[in-house]
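For reference, structure.cif (mmCIF, C-alpha atoms):
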data_structure
#
loop_
_atom_site.group_PDB
_atom_site.id
_atom_site.type_symbol
_atom_site.label_atom_id
_atom_site.label_comp_id
_atom_site.auth_asym_id
_atom_site.auth_seq_id
_atom_site.Cartn_x
_atom_site.Cartn_y
_atom_site.Cartn_z
ATOM 1 C CA MET A 18 48.259 3.833 -4.642
ATOM 2 C CA PRO A 19 51.415 6.008 -4.326
ATOM 3 C CA ASP A 20 51.604 6.304 -8.142
ATOM 4 C CA SER A 21 47.986 7.513 -8.251
ATOM 5 C CA ARG A 22 48.638 10.109 -5.528
ATOM 6 C CA ASN A 23 51.825 11.252 -7.268
ATOM 7 C CA LYS A 24 49.940 11.606 -10.563
ATOM 8 C CA LYS A 25 47.239 13.722 -8.872
ATOM 9 C CA LEU A 26 49.898 15.979 -7.336
ATOM 10 C CA GLN A 27 51.563 16.363 -10.737
ATOM 11 C CA GLU A 28 48.196 17.266 -12.294
ATOM 12 C CA LEU A 29 47.576 19.871 -9.609
ATOM 13 C CA ALA A 30 51.039 21.367 -10.146
ATOM 14 C CA GLU A 31 50.311 21.562 -13.871
ATOM 15 C CA ILE A 32 46.975 23.303 -13.228
ATOM 16 C CA ARG A 33 48.719 25.783 -10.909
ATOM 17 C CA ARG A 34 51.274 26.499 -13.628
ATOM 18 C CA LEU A 35 48.656 26.894 -16.380
ATOM 19 C CA LEU A 36 46.339 29.115 -14.324
ATOM 20 C CA GLY A 37 49.219 30.976 -12.700
ATOM 21 C CA ILE A 38 47.533 30.936 -9.287
ATOM 22 C CA PRO A 39 47.674 28.938 -6.065
ATOM 23 C CA ALA A 40 45.329 25.960 -6.089
ATOM 24 C CA LYS A 41 44.592 22.942 -3.937
ATOM 25 C CA ARG A 42 42.396 19.878 -4.325
ATOM 26 C CA LYS A 43 39.205 19.233 -2.403
ATOM 27 C CA ARG A 44 36.780 16.341 -2.330
ATOM 28 C CA SER A 45 33.142 17.351 -2.791
ATOM 29 C CA LEU A 46 30.281 14.895 -3.008
ATOM 30 C CA GLY A 47 32.505 12.133 -4.334
ATOM 31 C CA SER A 48 34.252 14.212 -7.005
ATOM 32 C CA LEU A 49 37.532 16.072 -6.932
ATOM 33 C CA GLY A 50 37.482 19.812 -7.327
ATOM 34 C CA ILE A 51 40.093 22.512 -7.240
ATOM 35 C CA ILE A 52 39.958 25.427 -4.850
ATOM 36 C CA THR A 53 41.561 28.713 -5.918
ATOM 37 C CA ASP A 54 41.475 32.301 -4.701
ATOM 38 C CA ILE A 55 39.300 33.367 -7.651
ATOM 39 C CA PRO A 56 36.003 34.389 -6.028
ATOM 40 C CA GLY A 57 32.842 32.825 -7.379
ATOM 41 C CA VAL A 58 34.552 30.198 -9.549
ATOM 42 C CA GLN A 59 34.832 26.446 -8.906
ATOM 43 C CA PHE A 60 37.063 24.206 -10.987
ATOM 44 C CA ALA A 61 36.384 20.482 -11.420
ATOM 45 C CA LEU A 62 39.230 18.286 -12.650
ATOM 46 C CA ARG A 63 38.517 15.369 -15.002
ATOM 47 C CA ARG A 64 41.070 12.940 -16.457
ATOM 48 C CA THR A 65 39.596 10.241 -18.640
ATOM 49 C CA ARG A 66 39.909 8.951 -22.198
ATOM 50 C CA MET A 67 36.388 10.034 -23.076
ATOM 51 C CA LEU A 68 34.448 12.646 -21.154
ATOM 52 C CA ARG A 69 30.694 12.570 -20.853
ATOM 53 C CA ILE A 70 30.637 16.333 -21.072
ATOM 54 C CA TYR A 71 27.072 17.011 -19.925
ATOM 55 C CA HIS A 72 27.355 14.545 -17.065
ATOM 56 C CA ALA A 73 30.612 16.198 -15.959
ATOM 57 C CA MET A 74 29.089 19.686 -16.220
ATOM 58 C CA ASN A 75 25.942 18.691 -14.306
ATOM 59 C CA GLN A 76 28.094 17.325 -11.496
ATOM 60 C CA ALA A 77 30.298 20.434 -11.557
ATOM 61 C CA ARG A 78 27.202 22.672 -11.375
ATOM 62 C CA ARG A 79 25.895 20.789 -8.335
ATOM 63 C CA ASP A 80 29.258 21.007 -6.569
ATOM 64 C CA ALA A 81 29.861 24.652 -7.536
ATOM 65 C CA HIS A 82 26.452 26.178 -6.813
ATOM 66 C CA PRO A 83 26.210 29.193 -6.669
ATOM 67 C CA ARG A 84 29.730 29.625 -8.130
ATOM 68 C CA ILE A 85 30.582 29.393 -11.841
ATOM 69 C CA PRO A 86 31.460 25.794 -12.752
ATOM 70 C CA VAL A 87 34.520 25.192 -14.923
ATOM 71 C CA VAL A 88 35.449 21.638 -15.906
ATOM 72 C CA LEU A 89 39.161 21.192 -16.596
ATOM 73 C CA TYR A 90 39.571 18.126 -18.797
ATOM 74 C CA ARG A 91 42.539 16.283 -20.227
ATOM 75 C CA ALA A 92 42.814 12.969 -22.047
ATOM 76 C CA ASP A 93 46.184 11.183 -21.970
ATOM 77 C CA GLY A 94 48.697 12.851 -24.250
ATOM 78 C CA ARG A 95 46.404 15.809 -25.011
ATOM 79 C CA GLU A 96 46.246 19.428 -23.877
ATOM 80 C CA TRP A 97 44.041 20.659 -21.022
ATOM 81 C CA LEU A 98 40.632 22.030 -21.972
ATOM 82 C CA ALA A 99 38.442 24.370 -19.937
ATOM 83 C CA ILE A 100 34.715 23.755 -20.340
ATOM 84 C CA VAL A 101 32.329 26.434 -19.114
ATOM 85 C CA PRO A 102 28.635 27.026 -19.837
ATOM 86 C CA LEU A 103 28.327 29.707 -22.508
ATOM 87 C CA GLU A 104 25.894 31.645 -20.313
ATOM 88 C CA ASP A 105 28.674 31.944 -17.683
ATOM 89 C CA LEU A 106 31.520 32.794 -20.056
ATOM 90 C CA VAL A 107 31.320 36.593 -19.748
ATOM 91 C CA ALA A 108 30.993 36.445 -15.937
ATOM 92 C CA LEU A 109 33.978 34.076 -15.784
ATOM 93 C CA ALA A 110 36.079 36.392 -17.964
ATOM 94 C CA GLU A 111 35.170 39.372 -15.757
ATOM 95 C CA ARG A 112 36.145 37.494 -12.590
ATOM 96 C CA LEU A 113 39.443 36.375 -14.110
ATOM 97 C CA VAL A 114 40.269 39.948 -15.164
ATOM 98 C CA MET A 115 39.334 41.346 -11.736
ATOM 99 C CA PHE A 116 41.436 38.665 -10.030
ATOM 100 C CA ALA A 117 44.414 39.394 -12.302
ATOM 101 C CA GLU A 118 44.168 43.127 -11.537
ATOM 102 C CA VAL A 119 44.191 42.476 -7.780
ATOM 103 C CA CYS A 120 47.196 40.152 -7.954
#

Whole structure, structure tokens version:
Amino acid sequence: MPDSRNKKLQELAEIRRLLGIPAKRKRSLGSLGIITDIPGVQFALRRTRMLRIYHAMNQARRDAHPRIPVVLYRADGREWLAIVPLEDLVALAERLVMFAEVC
């Protein structure tokens, strides 16, 4: 289990570096999410070879409600992807810009 914990810590450090903000992990309803200081946004972390994208987004929506759900996904050896519902994209961009201006 230490290797699994170490891998999760490495993933979190990578997410912190990519987003450029403090972040920590939290367990919510059996899934692992990421808590940041960005108001109204909830990140869900997924590492798997193949992602069932709608299943992952439905779970992220349940865990994030009423915040904007963002699924961060990475397959082994690939880059990180951010998956967000198109209807939330503009609101997410606005929140990211507002957060960047405050910091």

Problem set entry | Nearest candidate to Arg69 of chain A (options A:Tyr90, A:Gly37, A:Ala30, A:Arg22; using all atoms listed in the file) |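 Of all the options, A:Tyr90 lies closest to Arg69 of chain A.
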
Exercise. If you apply the PyMOL selection byres ((chain A and resi 102) around 10) to this file, what residues do you get, as a list in words?
Worked result: Met74, Arg78, Ile85, Pro86, Val87, Val88, Ile100, Val101, Leu103, Glu104, Asp105, Leu106, Val107 and Leu109 of chain A

File of the preceding selection, C-alpha atoms, as a CSV table (one decimal), keeping the file's coordinate frame:
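result09.csv written:
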chain,number,residue,atom,x,y,z
A,74,MET,CA,29.1,19.7,-16.2
A,78,ARG,CA,27.2,22.7,-11.4
A,85,ILE,CA,30.6,29.4,-11.8
A,86,PRO,CA,31.5,25.8,-12.8
A,87,VAL,CA,34.5,25.2,-14.9
A,88,VAL,CA,35.4,21.6,-15.9
A,100,ILE,CA,34.7,23.8,-20.3
A,101,VAL,CA,32.3,26.4,-19.1
A,103,LEU,CA,28.3,29.7,-22.5
A,104,GLU,CA,25.9,31.6,-20.3
A,105,ASP,CA,28.7,31.9,-17.7
A,106,LEU,CA,31.5,32.8,-20.1
A,107,VAL,CA,31.3,36.6,-19.7
A,109,LEU,CA,34.0,34.1,-15.8

Exercise. Leaving out segment 52-54 of chain A and any residue of its chain fewer than 4 positions from it, which residues lie within 10 Å of it when counting all atoms listed in the file, given as a PyMOL selection string?
Worked result: chain A and resi 33+36+38-44+58-61+116

Exercise. Contacts of Arg91 of chain A at 9 Å or less, counting only C-alpha atoms, minus same-chain residues fewer than 2 places along, as a PyMOL selection string?
Worked result: chain A and resi 62-66+68+89+93-98

Problem set entry | Point-to-point distance in Å for atom CA of His82 of chain A and atom CA of Glu118 of chain A |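 Distance between the two atoms: 25.0 Å.
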
Seminar exercise, completed: re atom CA of Val114 of chain A and atom CA of Glu28 of chain A: distance 24.2 Å

Exercise. If you measure from atom CA of Gly57 of chain A to atom CA of Arg84 of chain A, what distance in Å do you get, rounded to one decimal?
Worked result: 4.5 Å

Return as lines of an AutoDock Vina configuration file the box centre and box size in Å, one decimal, for an axis-aligned box around all listed atoms of segment 26-40 of chain A padded by 3 Å per side.
center_x = 48.4
center_y = 23.5
center_z = -11.2
size_x = 12.2
size_y = 21.0
size_z = 16.3
